[in-house]
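Okay, so here's the structure we're looking at.
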Amino acid sequence: MIVTHTLSAVFQAGPHQRGWADVLESVNEFYRRVLFLPEQASTVAAQIDHLHYLEITVMFAAAGAIALAVIIFLARYHHAGNHTHIDLLDEGDTRDPTLATPHVNAPLVLEFGLYAGLFGLFVLFWVLGYRQYVELLVPPTKAIDIFVTGKQWVWQFAYPQGPATAGILYVPAGQPVRIVLTSRDVIHSFFVPQFRVKRDAVPGMYTETWFEASRPGTYNVLCAELCGVGHSVMRAGVIVLDPQDFQRWLEGRSQFGADVPDTTGASLAQRGRIMAIQKGCARCHSVDGSRATGPTWRNLYGSWEVLEGGQRVFVDEAYITRSMMEPGRDIVAGFPNVMPSFMGLVAPGEVSALVAYMRSLSDAPVDRATDSLPGERGPNPASVRALPPASPAPADTTPVRLPR
Amino acid sequence: MTTTASPRPPAPAHVETKNYLNAETTFRSWATTTDHKRIGVLFLAGVTLSAMLGGTFALLLRLELLTPEADVMTAMTYNRLFTLHGVVMVWLFMIPAIPGAFGNFMVPLMIGARDVAFPRLNLASFYFYLSGALLVIAGAIAGGADTGWTFYPPYSAQTPTALVPVLAGVFVLGISSTMTGLNFIVTIHTLRTAGMTWWRLPLFVWAIYATSIILVLATPVLGLSLLLVAIDHAFALGVFNPAHGGDPILYQHLFWFYSHPAVYIMILPAMGVISEVVPAFSRKNVFSYRGIVIASVGIALVGFLTWGHHMFTSGMSAFDSGAFGVLSMFVAIFSAIKVFTWVGTLYRGRITLSTPLLYFFGFLFLFAFGGMTGVALASTSLDVHWHDTYFIVAHFHFIMVGGTMMGFMAGLHFWFPKMFGRLYSQRLSAVVALLAISGFILTFTPQFLLGNAGMPRRYHTYPAEYQPLNIISTIGSWAIGAGLLIGLLYLLVALWRGKPAGSNPWNLLGLEWSISSPPPPHNFEEPPKVWQEPYDYWRARND
């Protein structure tokens, strides 16, 4: 695998092209593939990689010099067998020792020359790198703004023109984009490997970074700062569109992707399904019965769950709502107490939509809710009746696919 | 030093000589010992067990990462394991390993002293280590922390795991290492024997001295910060939690103000061991003794001014990032001085390829690449892509873990005959050294490439394109595990039935080699006198 990867890199970078630009591009492509660097999809990616290539070349040259010196010294001064004897001369004894090694100290000129040279080299690396670093921090004035919020364990994106999405970031190609970052809970880190851009999203403060995507394509947003059990699945997609397409998306965003569909006329349960993606519920709760960080929603509604303390609870509207607001209160046995509270983060209508969606995932008829076991307190039938009936449409159990 | 090591033959007389191991043998005599040599052995046992525990966690983590999906454990278990792996390896193994075991054992011997300056404080330091270890293990059993060894708030304020016992354990371990550091500083200042001037100190002693300065100055900051995190977690005080008006970035500054110098707490003693091993097996004076001394103390001091390079993407100001970047380059220069001096020491020597020297070559490889990737990281813009990815994991496992591990193994093989009076199999130990070194390279080299490719660290599951490199890395981890386990076994066998080592098995200069092995309870019969510089092999007749 690695060998073929490298060979194909060498082959692809072969000198079958003409012109300096092509040669440089071949060199760039050779290094990029050998080093497993992702595609250079932003305007800064290539120049950052070029500094990387320079430093790694110097590094291998230095390592080669050290290795060469060690090998030569080993070959030249190797002493077969063990040392068997030592006999230190007495104080003041000036006899010329027979088999002693010479007394060699590094010449000062060599030492200082070497260190001064190395320090100059290191500072040069720093000057080159720091210029790029400052460039990464200062967005061009014509950049458009996108507000990015990290939240356990979902990325949310808001545009000044109005649209808000979760899980997919739409940006125009060839136009600088300023990312204004914050977090709702713990520290996250916004990382797009293909753009060579990373910035922490810190609760209680705003940080910013920017990028200009070179061309249309699809890339990943990864969370780079440990944020809890969902850290490694806190991913989102970046979809880079042509500027005209982006403009069209901004105006009527329903035609691109299903992440923010037009909900006019959708049932409450269908709206709940969208909420589950946007609010990040689907990161931890499956809808197909498979086990994830939290209990699956398949057949959850209307069932009896055993809690951490051993008591049982009936999953009804009240329990679901309570669990969104105070997730630590009634933990289902066998699951970690890691769910963040959604108090103040979901509107009452959204709660209803989520509950309706969960109801639609349950095979149990609504009536069964009142069919409590003998001696146990059933749900409040009033709360069941107070909500609109479950969606008449068949339960939508297609697994919610999130961009990876 | 008018008396010299006994020339050949070593004459392992059948007379049972009294040494620190057989002078008293009761459990009580070990539990209440104030002998620096016994305390060194206790630390050696403690850090070895800790390394096995931390290593087991590492093998489990690598097993989980064999495939992109979750296989052998849940995300919660994975997060707990890597946290415990970090906590155990950093505070129970790497920080106390070389100072606690070899520093305690060797420093008084090397400076011609009878013991450390405060023997009872030394014993207390071991008991604090033990208590800290038990607290960490209790925390692990109670549910373990899942915050990573860095305990970043506000996540650490809200995690549902048993954070407080783990934090308390680390706090207590900090007390232990502060005591050890203080003890070494006073010992080296006051207990040097006649003629042992500062410029005649063996380089290992210099390294321990520089380490001790960091231990004493930096550890209290860690203790205070972790205490605040524990209070934030238990009582929601909110010093670092923005939801209560606190500042999470402040914690990062405080944490790295300790934890960056802590990297040098781990690596400086390992450099000290290497500085002993290279002249010993080249039979030559160090190429630049003062260079190494200046570099050791320089790293200890400049190490306090570079902590911000852990925070280039945190939201810290651009000016701060630039300053921390360029200051980090000074550490690189001091490290380069050391590499240059070690390699130069081989020049015109009489080199024997013993096992400790093999570990030096492993050290050199890992340290050179680890150090040079450090320079690349300090050039700030590259760090933006690499920060919190596997590149960082590979970088610090090369330089800090690899360096410490190679130094520890080199020291163990170098001083084992002195500490226990027994020889181990040279051939087997050489094979194992090559296995462990190549395992290390195989494990962590792919992780540099994974970081280039953009795989973030602390990932329980990962996108499928990262799998091939992860497989190689996991296979490498098995080689390290096998190597170190076999190493432990043959050393235990050697303890039991190894050939007697004689007082000076490597035929070296240095006060520690002039007394019998294992050393007598009170080290020197009369205080030795020193009239020459260390490593003066040019003054000796040797073959």
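A note on labels: chains of the structure tokens are A, B, ... as shown, every chain counts residues from 1, and ligands are counted from 1 in their shown order.
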Closest atom pairs, chain B residues within 6 Å of chain A, only C-alpha atoms, as JSON lines:
{"residue": "B:Ala75", "atom": "CA", "partner": "A:Val229", "partner_atom": "CA", "distance": 5.4}
{"residue": "B:Met76", "atom": "CA", "partner": "A:Val229", "partner_atom": "CA", "distance": 5.5}
{"residue": "B:Pro154", "atom": "CA", "partner": "A:Val186", "partner_atom": "CA", "distance": 5.3}
{"residue": "B:Tyr155", "atom": "CA", "partner": "A:Val186", "partner_atom": "CA", "distance": 5.3}
{"residue": "B:Pro160", "atom": "CA", "partner": "A:Asn337", "partner_atom": "CA", "distance": 5.9}
{"residue": "B:Pro242", "atom": "CA", "partner": "A:Gly204", "partner_atom": "CA", "distance": 5.4}
{"residue": "B:Lys284", "atom": "CA", "partner": "A:Thr101", "partner_atom": "CA", "distance": 5.9}
{"residue": "B:Phe287", "atom": "CA", "partner": "A:Asn105", "partner_atom": "CA", "distance": 4.8}
{"residue": "B:Ser288", "atom": "CA", "partner": "A:Ala106", "partner_atom": "CA", "distance": 5.7}
{"residue": "B:Thr313", "atom": "CA", "partner": "A:Arg199", "partner_atom": "CA", "distance": 5.0}
{"residue": "B:Ser314", "atom": "CA", "partner": "A:Asp200", "partner_atom": "CA", "distance": 5.2}
{"residue": "B:Gly315", "atom": "CA", "partner": "A:Thr207", "partner_atom": "CA", "distance": 5.7}
{"residue": "B:Tyr347", "atom": "CA", "partner": "A:Phe73", "partner_atom": "CA", "distance": 5.7}
{"residue": "B:Gly349", "atom": "CA", "partner": "A:Tyr77", "partner_atom": "CA", "distance": 5.9}
{"residue": "B:Arg350", "atom": "CA", "partner": "A:His79", "partner_atom": "CA", "distance": 5.4}
{"residue": "B:Ile351", "atom": "CA", "partner": "A:His78", "partner_atom": "CA", "distance": 4.7}
{"residue": "B:Thr352", "atom": "CA", "partner": "A:His79", "partner_atom": "CA", "distance": 5.4}
{"residue": "B:Ser379", "atom": "CA", "partner": "A:Trp126", "partner_atom": "CA", "distance": 4.3}
{"residue": "B:Thr380", "atom": "CA", "partner": "A:Gly129", "partner_atom": "CA", "distance": 5.6}
{"residue": "B:Ser381", "atom": "CA", "partner": "A:Tyr133", "partner_atom": "CA", "distance": 4.4}
{"residue": "B:Val384", "atom": "CA", "partner": "A:Lys198", "partner_atom": "CA", "distance": 5.8}
{"residue": "B:His385", "atom": "CA", "partner": "A:Arg196", "partner_atom": "CA", "distance": 5.0}
{"residue": "B:Asp388", "atom": "CA", "partner": "A:Ala224", "partner_atom": "CA", "distance": 5.7}
{"residue": "B:Leu449", "atom": "CA", "partner": "A:Phe36", "partner_atom": "CA", "distance": 5.8}
{"residue": "B:Asn452", "atom": "CA", "partner": "A:Leu37", "partner_atom": "CA", "distance": 5.1}
{"residue": "B:Ala453", "atom": "CA", "partner": "A:Leu37", "partner_atom": "CA", "distance": 4.7}
{"residue": "B:Gly454", "atom": "CA", "partner": "A:Pro193", "partner_atom": "CA", "distance": 5.2}
{"residue": "B:Pro456", "atom": "CA", "partner": "A:Ala224", "partner_atom": "CA", "distance": 5.3}
{"residue": "B:Tyr459", "atom": "CA", "partner": "A:Ser232", "partner_atom": "CA", "distance": 4.7}
{"residue": "B:His460", "atom": "CA", "partner": "A:Ser232", "partner_atom": "CA", "distance": 5.8}
{"residue": "B:Thr461", "atom": "CA", "partner": "A:Ser232", "partner_atom": "CA", "distance": 5.8}
{"residue": "B:Asn507", "atom": "CA", "partner": "A:Ile86", "partner_atom": "CA", "distance": 5.5}
{"residue": "B:Trp538", "atom": "CA", "partner": "A:Ala100", "partner_atom": "CA", "distance": 5.1}
{"residue": "B:Ala540", "atom": "CA", "partner": "A:Leu88", "partner_atom": "CA", "distance": 4.2}
{"residue": "B:Arg541", "atom": "CA", "partner": "A:Asp87", "partner_atom": "CA", "distance": 5.1}
{"residue": "B:Asn542", "atom": "CA", "partner": "A:Ile86", "partner_atom": "CA", "distance": 4.5}
{"residue": "B:Asp543", "atom": "CA", "partner": "A:Leu99", "partner_atom": "CA", "distance": 5.7}
Can you list, as a PyMOL selection string, every protein, DNA or RNA residue that comes within 9 Å of B:Ser259 when you count only C-alpha atoms, leaving out same-chain residues fewer than 2 positions away? chain B and resi 150+218-219+222+254-257+261-263+307
Export of the given selection (C-alpha atoms) as a PDB file, in the first residue's frame:
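As a result, part18.pdb now contains:
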ATOM      1  CA  THR B 150      -4.229  17.900  29.836  1.00  0.00           C
ATOM      2  CA  ALA B 218       7.345  24.550  37.841  1.00  0.00           C
ATOM      3  CA  THR B 219       5.561  21.828  39.801  1.00  0.00           C
ATOM      4  CA  LEU B 222       0.694  22.561  38.196  1.00  0.00           C
ATOM      5  CA  LEU B 254      -1.007  27.797  33.583  1.00  0.00           C
ATOM      6  CA  PHE B 255      -1.011  24.153  32.541  1.00  0.00           C
ATOM      7  CA  TRP B 256       1.646  24.555  29.868  1.00  0.00           C
ATOM      8  CA  PHE B 257       3.731  26.814  32.085  1.00  0.00           C
ATOM      9  CA  PRO B 261       9.112  22.504  31.246  1.00  0.00           C
ATOM     10  CA  ALA B 262       7.886  19.043  32.307  1.00  0.00           C
ATOM     11  CA  VAL B 263       8.962  17.821  28.888  1.00  0.00           C
ATOM     12  CA  TRP B 307       4.936  27.210  26.815  1.00  0.00           C
TER      13      TRP B 307
END
Selection: 12 Å around B:Val166, only C-alpha atoms, excl. self and same-chain fewer than 3 positions, as a PyMOL selection string: chain B and resi 80+83-84+86-88+91-92+131-151+156+161-163+169-173+226-227+229-230
Take the selection from the previous step and output its residues with N, CA and C atoms, as a tab-separated table (two decimals), in the first residue's frame.
chain	number	residue	atom	x	y	z
B	80	ARG	N	-11.26	7.23	28.26
B	80	ARG	CA	-10.69	7.00	29.58
B	80	ARG	C	-9.31	6.37	29.47
B	83	THR	N	-6.62	8.83	28.43
B	83	THR	CA	-6.33	9.73	29.54
B	83	THR	C	-5.43	9.04	30.56
B	84	LEU	N	-5.80	7.81	30.91
B	84	LEU	CA	-4.99	7.08	31.90
B	84	LEU	C	-3.62	6.75	31.34
B	86	GLY	N	-1.92	8.57	29.31
B	86	GLY	CA	-1.12	9.79	29.44
B	86	GLY	C	-0.73	10.06	30.89
B	87	VAL	N	-1.71	9.98	31.78
B	87	VAL	CA	-1.44	10.30	33.19
B	87	VAL	C	-0.39	9.35	33.76
B	88	VAL	N	-0.57	8.05	33.52
B	88	VAL	CA	0.35	7.07	34.08
B	88	VAL	C	1.74	7.23	33.48
B	91	TRP	N	3.20	11.01	34.64
B	91	TRP	CA	3.50	11.31	36.04
B	91	TRP	C	3.97	10.12	36.85
B	92	LEU	N	3.64	8.92	36.39
B	92	LEU	CA	4.09	7.75	37.15
B	92	LEU	C	5.32	7.11	36.54
B	131	SER	N	1.52	6.99	47.19
B	131	SER	CA	0.14	7.44	47.45
B	131	SER	C	-0.48	8.02	46.19
B	132	GLY	N	0.31	8.82	45.48
B	132	GLY	CA	-0.20	9.41	44.24
B	132	GLY	C	-0.59	8.32	43.25
B	133	ALA	N	0.26	7.30	43.15
B	133	ALA	CA	-0.03	6.20	42.23
B	133	ALA	C	-1.32	5.49	42.64
B	134	LEU	N	-1.48	5.25	43.93
B	134	LEU	CA	-2.68	4.56	44.39
B	134	LEU	C	-3.93	5.41	44.14
B	135	LEU	N	-3.81	6.73	44.32
B	135	LEU	CA	-4.96	7.60	44.05
B	135	LEU	C	-5.35	7.55	42.57
B	136	VAL	N	-4.33	7.59	41.70
B	136	VAL	CA	-4.62	7.54	40.27
B	136	VAL	C	-5.30	6.22	39.93
B	137	ILE	N	-4.79	5.13	40.49
B	137	ILE	CA	-5.37	3.82	40.19
B	137	ILE	C	-6.78	3.73	40.78
B	138	ALA	N	-6.97	4.29	41.98
B	138	ALA	CA	-8.32	4.31	42.56
B	138	ALA	C	-9.26	5.08	41.65
B	139	GLY	N	-8.79	6.22	41.13
B	139	GLY	CA	-9.60	7.00	40.20
B	139	GLY	C	-9.94	6.20	38.96
B	140	ALA	N	-8.94	5.43	38.47
B	140	ALA	CA	-9.17	4.61	37.28
B	140	ALA	C	-10.25	3.58	37.54
B	141	ILE	N	-10.20	2.96	38.74
B	141	ILE	CA	-11.20	1.94	39.06
B	141	ILE	C	-12.56	2.59	39.27
B	142	ALA	N	-12.56	3.77	39.86
B	142	ALA	CA	-13.83	4.46	40.13
B	142	ALA	C	-14.48	5.00	38.86
B	143	GLY	N	-13.85	4.82	37.73
B	143	GLY	CA	-14.48	5.30	36.50
B	143	GLY	C	-13.52	6.02	35.58
B	144	GLY	N	-12.39	6.48	36.13
B	144	GLY	CA	-11.36	7.07	35.28
B	144	GLY	C	-11.78	8.41	34.70
B	145	ALA	N	-10.80	9.23	34.38
B	145	ALA	CA	-11.09	10.52	33.77
B	145	ALA	C	-11.09	10.35	32.26
B	146	ASP	N	-11.81	11.23	31.56
B	146	ASP	CA	-11.85	11.12	30.10
B	146	ASP	C	-11.49	12.45	29.44
B	147	THR	N	-10.66	13.24	30.11
B	147	THR	CA	-10.38	14.58	29.62
B	147	THR	C	-9.07	14.67	28.86
B	148	GLY	N	-8.34	13.56	28.74
B	148	GLY	CA	-6.96	13.66	28.25
B	148	GLY	C	-6.09	14.08	29.41
B	149	TRP	N	-4.78	13.84	29.30
B	149	TRP	CA	-3.91	14.16	30.44
B	149	TRP	C	-3.78	15.65	30.66
B	150	THR	N	-4.34	16.45	29.73
B	150	THR	CA	-4.23	17.90	29.84
B	150	THR	C	-5.35	18.53	30.66
B	151	PHE	N	-6.42	17.80	30.93
B	151	PHE	CA	-7.54	18.26	31.78
B	151	PHE	C	-8.09	19.62	31.36
B	156	SER	N	-13.33	19.58	31.44
B	156	SER	CA	-13.01	18.92	32.70
B	156	SER	C	-13.95	19.35	33.82
B	161	THR	N	-16.97	11.76	34.59
B	161	THR	CA	-16.08	10.71	35.10
B	161	THR	C	-15.44	11.11	36.43
B	162	ALA	N	-14.72	10.14	37.02
B	162	ALA	CA	-14.13	10.33	38.35
B	162	ALA	C	-12.84	11.14	38.25
B	163	LEU	N	-12.99	12.45	38.03
B	163	LEU	CA	-11.82	13.28	37.78
B	163	LEU	C	-11.05	13.60	39.06
B	169	GLY	N	-4.36	12.54	42.74
B	169	GLY	CA	-3.17	11.71	42.56
B	169	GLY	C	-2.04	12.49	41.93
B	170	VAL	N	-2.35	13.23	40.87
B	170	VAL	CA	-1.31	13.99	40.18
B	170	VAL	C	-0.75	15.07	41.11
B	171	PHE	N	-1.64	15.68	41.91
B	171	PHE	CA	-1.21	16.69	42.86
B	171	PHE	C	-0.19	16.11	43.84
B	172	VAL	N	-0.51	14.93	44.37
B	172	VAL	CA	0.38	14.28	45.34
B	172	VAL	C	1.70	13.88	44.67
B	173	LEU	N	1.62	13.41	43.42
B	173	LEU	CA	2.83	13.06	42.69
B	173	LEU	C	3.71	14.30	42.50
B	226	LEU	N	-4.27	22.38	39.01
B	226	LEU	CA	-5.10	21.18	39.08
B	226	LEU	C	-6.07	21.26	40.26
B	227	LEU	N	-5.62	21.88	41.34
B	227	LEU	CA	-6.52	22.08	42.49
B	227	LEU	C	-7.73	22.90	42.06
B	229	VAL	N	-8.92	23.16	39.04
B	229	VAL	CA	-9.77	22.35	38.16
B	229	VAL	C	-10.64	21.42	38.99
B	230	ALA	N	-10.04	20.83	40.03
B	230	ALA	CA	-10.80	19.92	40.88
B	230	ALA	C	-11.95	20.67	41.56
Would you pick out the contacts of stretch 320-331 of chain B at 6 Å or less, using only C-alpha atoms, so that residues sharing its chain but fewer than 4 positions from it are not included, and give the list as a VMD selection string? chain B and resid 299 306 308 to 309 312 378
Please produce an output containing N, CA and C atoms for each residue in the selection, written as a tab-separated table (two decimals), in the first residue's frame.
chain	number	residue	atom	x	y	z
B	299	ILE	N	18.61	24.73	28.59
B	299	ILE	CA	17.29	24.14	28.31
B	299	ILE	C	16.38	24.34	29.51
B	306	THR	N	8.72	28.99	26.72
B	306	THR	CA	8.23	28.52	25.42
B	306	THR	C	6.84	27.92	25.50
B	308	GLY	N	3.87	28.81	25.32
B	308	GLY	CA	2.79	29.23	24.42
B	308	GLY	C	2.77	28.50	23.09
B	309	HIS	N	3.84	27.76	22.75
B	309	HIS	CA	3.80	27.10	21.44
B	309	HIS	C	2.84	25.91	21.43
B	312	PHE	N	-0.91	27.81	19.65
B	312	PHE	CA	-0.95	28.66	18.46
B	312	PHE	C	-2.35	28.76	17.85
B	378	ALA	N	7.63	24.88	15.48
B	378	ALA	CA	7.80	26.22	16.04
B	378	ALA	C	7.76	27.29	14.96
As a VMD selection string, please: every residue in stretch 68-245 of chain B that DSSP puts in helix (DSSP H, G or I). chain B and resid 75 to 110 119 to 141 155 to 158 163 to 190 198 to 200 203 to 235 242 to 244
Taking 2 positions as the minimum chain separation for residues in the same chain, which residues sit within 10 Å of A:Pro327 when counting only C-alpha atoms? Answer as JSON, numbers by chain. {"A": [320, 321, 322, 323, 324, 325, 329, 330, 331, 337, 338, 339, 340, 341, 342, 343]}
Could the residues in this selection be saved with all heavy atoms as a short mmCIF file (atom, residue, chain, number, x, y, z; two decimals), in the first residue's frame?
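File produced: again08.cif:
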data_model
loop_
_atom_site.label_atom_id
_atom_site.label_comp_id
_atom_site.auth_asym_id
_atom_site.auth_seq_id
_atom_site.Cartn_x
_atom_site.Cartn_y
_atom_site.Cartn_z
N ILE A 320 -39.19 12.35 27.79
CA ILE A 320 -38.31 12.80 26.70
C ILE A 320 -37.96 14.27 26.89
O ILE A 320 -36.81 14.68 26.80
CB ILE A 320 -39.00 12.56 25.34
CG1 ILE A 320 -39.11 11.06 25.07
CG2 ILE A 320 -38.22 13.25 24.22
CD1 ILE A 320 -39.95 10.71 23.86
N THR A 321 -38.97 15.07 27.20
CA THR A 321 -38.71 16.50 27.37
C THR A 321 -37.78 16.74 28.55
O THR A 321 -36.82 17.53 28.46
CB THR A 321 -40.04 17.24 27.59
OG1 THR A 321 -40.95 16.85 26.58
CG2 THR A 321 -39.84 18.74 27.54
N ARG A 322 -38.02 16.01 29.62
CA ARG A 322 -37.18 16.17 30.80
C ARG A 322 -35.73 15.80 30.47
O ARG A 322 -34.77 16.45 30.89
CB ARG A 322 -37.71 15.28 31.92
CG ARG A 322 -37.21 15.64 33.29
CD ARG A 322 -38.04 14.97 34.37
NE ARG A 322 -37.90 13.54 34.36
CZ ARG A 322 -38.93 12.69 34.32
NH1 ARG A 322 -40.17 13.13 34.29
NH2 ARG A 322 -38.72 11.39 34.32
N SER A 323 -35.58 14.75 29.67
CA SER A 323 -34.23 14.29 29.33
C SER A 323 -33.48 15.27 28.44
O SER A 323 -32.26 15.30 28.43
CB SER A 323 -34.28 12.92 28.65
OG SER A 323 -34.77 11.97 29.56
N MET A 324 -34.24 16.05 27.67
CA MET A 324 -33.55 17.06 26.85
C MET A 324 -33.06 18.21 27.75
O MET A 324 -31.99 18.76 27.52
CB MET A 324 -34.51 17.65 25.82
CG MET A 324 -34.80 16.75 24.66
SD MET A 324 -35.88 17.66 23.54
CE MET A 324 -36.90 16.34 22.94
N MET A 325 -33.87 18.54 28.75
CA MET A 325 -33.54 19.71 29.57
C MET A 325 -32.60 19.36 30.72
O MET A 325 -31.71 20.12 31.06
CB MET A 325 -34.83 20.35 30.12
CG MET A 325 -35.84 20.70 29.05
SD MET A 325 -35.09 21.70 27.74
CE MET A 325 -36.29 21.50 26.43
N ARG A 329 -30.56 13.68 34.92
CA ARG A 329 -31.45 13.31 36.02
C ARG A 329 -31.81 11.83 36.00
O ARG A 329 -31.75 11.16 37.02
CB ARG A 329 -32.71 14.16 35.95
CG ARG A 329 -33.31 14.35 37.32
CD ARG A 329 -34.39 15.38 37.29
NE ARG A 329 -35.69 14.75 37.43
CZ ARG A 329 -36.83 15.42 37.57
NH1 ARG A 329 -36.80 16.74 37.57
NH2 ARG A 329 -37.97 14.81 37.70
N ASP A 330 -32.22 11.33 34.84
CA ASP A 330 -32.63 9.92 34.75
C ASP A 330 -31.81 9.25 33.66
O ASP A 330 -32.18 9.25 32.49
CB ASP A 330 -34.12 9.81 34.40
CG ASP A 330 -34.98 10.36 35.51
OD1 ASP A 330 -34.65 10.10 36.69
OD2 ASP A 330 -35.97 11.06 35.20
N ILE A 331 -30.67 8.67 34.07
CA ILE A 331 -29.78 8.07 33.07
C ILE A 331 -30.19 6.62 32.84
O ILE A 331 -30.34 5.84 33.79
CB ILE A 331 -28.33 8.12 33.58
CG1 ILE A 331 -27.86 9.56 33.70
CG2 ILE A 331 -27.39 7.35 32.65
CD1 ILE A 331 -27.85 10.29 32.39
N ASN A 337 -23.29 9.30 31.35
CA ASN A 337 -23.98 10.56 31.58
C ASN A 337 -23.23 11.68 30.88
O ASN A 337 -22.47 12.42 31.48
CB ASN A 337 -24.04 10.81 33.10
CG ASN A 337 -24.65 12.16 33.43
OD1 ASN A 337 -25.26 12.79 32.58
ND2 ASN A 337 -24.47 12.60 34.66
N VAL A 338 -23.41 11.76 29.57
CA VAL A 338 -22.61 12.73 28.81
C VAL A 338 -23.45 13.70 27.99
O VAL A 338 -22.92 14.62 27.40
CB VAL A 338 -21.63 12.02 27.85
CG1 VAL A 338 -20.58 11.27 28.63
CG2 VAL A 338 -22.37 11.10 26.90
N MET A 339 -24.76 13.50 27.97
CA MET A 339 -25.56 14.35 27.08
C MET A 339 -25.61 15.78 27.60
O MET A 339 -25.83 16.01 28.78
CB MET A 339 -26.98 13.79 26.99
CG MET A 339 -27.89 14.62 26.12
SD MET A 339 -29.39 13.74 25.71
CE MET A 339 -30.49 15.11 25.44
N PRO A 340 -25.35 16.77 26.72
CA PRO A 340 -25.45 18.16 27.15
C PRO A 340 -26.92 18.59 27.28
O PRO A 340 -27.79 18.04 26.62
CB PRO A 340 -24.77 18.93 26.03
CG PRO A 340 -24.87 18.06 24.84
CD PRO A 340 -24.94 16.64 25.32
N SER A 341 -27.17 19.55 28.13
CA SER A 341 -28.55 20.04 28.30
C SER A 341 -28.95 20.91 27.12
O SER A 341 -28.15 21.67 26.60
CB SER A 341 -28.65 20.85 29.58
OG SER A 341 -29.87 21.54 29.60
N PHE A 342 -30.21 20.80 26.72
CA PHE A 342 -30.72 21.63 25.63
C PHE A 342 -31.63 22.73 26.15
O PHE A 342 -32.36 23.35 25.41
CB PHE A 342 -31.45 20.76 24.60
CG PHE A 342 -30.48 20.00 23.73
CD1 PHE A 342 -29.84 18.86 24.19
CD2 PHE A 342 -30.17 20.45 22.45
CE1 PHE A 342 -28.93 18.19 23.41
CE2 PHE A 342 -29.27 19.78 21.66
CZ PHE A 342 -28.64 18.64 22.14
N MET A 343 -31.55 22.96 27.47
CA MET A 343 -32.35 24.02 28.08
C MET A 343 -32.03 25.34 27.39
O MET A 343 -30.88 25.75 27.31
CB MET A 343 -31.99 24.11 29.57
CG MET A 343 -32.80 25.10 30.36
SD MET A 343 -34.36 24.40 30.86
CE MET A 343 -33.89 23.53 32.36
#
Spatial neighbours of B:Gly246, max dist 10 Å, only C-alpha atoms, sep filter under 4 positions, as a PyMOL selection string: (chain A and resi 204) or (chain B and resi 153-154+232+237-242+250-251)
What would the file look like if the residues just selected were written as an mmCIF file, in the first residue's frame with C-alpha atoms?
data_model
loop_
_atom_site.group_PDB
_atom_site.id
_atom_site.type_symbol
_atom_site.label_atom_id
_atom_site.label_comp_id
_atom_site.auth_asym_id
_atom_site.auth_seq_id
_atom_site.Cartn_x
_atom_site.Cartn_y
_atom_site.Cartn_z
ATOM 1 C CA GLY A 204 -17.407 32.685 25.969
ATOM 2 C CA PRO B 153 -11.634 23.080 31.045
ATOM 3 C CA PRO B 154 -14.492 23.624 30.541
ATOM 4 C CA ASP B 232 -14.333 23.726 39.359
ATOM 5 C CA LEU B 237 -16.594 27.435 41.206
ATOM 6 C CA GLY B 238 -15.942 28.436 37.607
ATOM 7 C CA VAL B 239 -12.386 29.807 37.668
ATOM 8 C CA PHE B 240 -11.829 28.361 34.205
ATOM 9 C CA ASN B 241 -15.440 27.923 33.116
ATOM 10 C CA PRO B 242 -16.845 30.748 30.982
ATOM 11 C CA LEU B 250 -5.965 31.017 31.407
ATOM 12 C CA TYR B 251 -5.893 27.355 32.362
#
Give the strand (DSSP E) residues of stretch 28-234 of chain A, as DSSP finds them on the backbone, and put them as an NGL selection string. :A and (86-88 or 144-151 or 154-158 or 164-166 or 168-172 or 177-183 or 188-192 or 197-201 or 207-211 or 217-223)
Surrounding residues of B:Ala436 excluding itself and chain neighbours under 6 positions, 8 Å, only C-alpha atoms, as JSON, numbers by chain: {"B": [479, 480, 481, 482, 483, 484]}
Can I get the selected residues back with N, CA, C and O atoms, as a compact mmCIF listing (two decimals), in the first residue's frame?
# COMPACT_ATOMS: atom_id res chain seq x y z
N ALA B 479 5.71 -4.71 18.53
CA ALA B 479 7.17 -4.92 18.62
C ALA B 479 7.74 -4.25 19.87
O ALA B 479 8.57 -4.82 20.57
N ILE B 480 7.26 -3.02 20.16
CA ILE B 480 7.74 -2.36 21.38
C ILE B 480 7.35 -3.20 22.59
O ILE B 480 8.17 -3.46 23.47
N GLY B 481 6.08 -3.62 22.62
CA GLY B 481 5.59 -4.38 23.77
C GLY B 481 6.40 -5.64 23.97
O GLY B 481 6.86 -5.94 25.08
N ALA B 482 6.63 -6.38 22.88
CA ALA B 482 7.38 -7.63 22.98
C ALA B 482 8.80 -7.34 23.44
O ALA B 482 9.33 -8.01 24.36
N GLY B 483 9.44 -6.33 22.85
CA GLY B 483 10.82 -6.01 23.20
C GLY B 483 10.95 -5.69 24.68
O GLY B 483 11.79 -6.26 25.38
N LEU B 484 10.09 -4.79 25.16
CA LEU B 484 10.24 -4.37 26.56
C LEU B 484 9.90 -5.51 27.52
O LEU B 484 10.52 -5.65 28.57
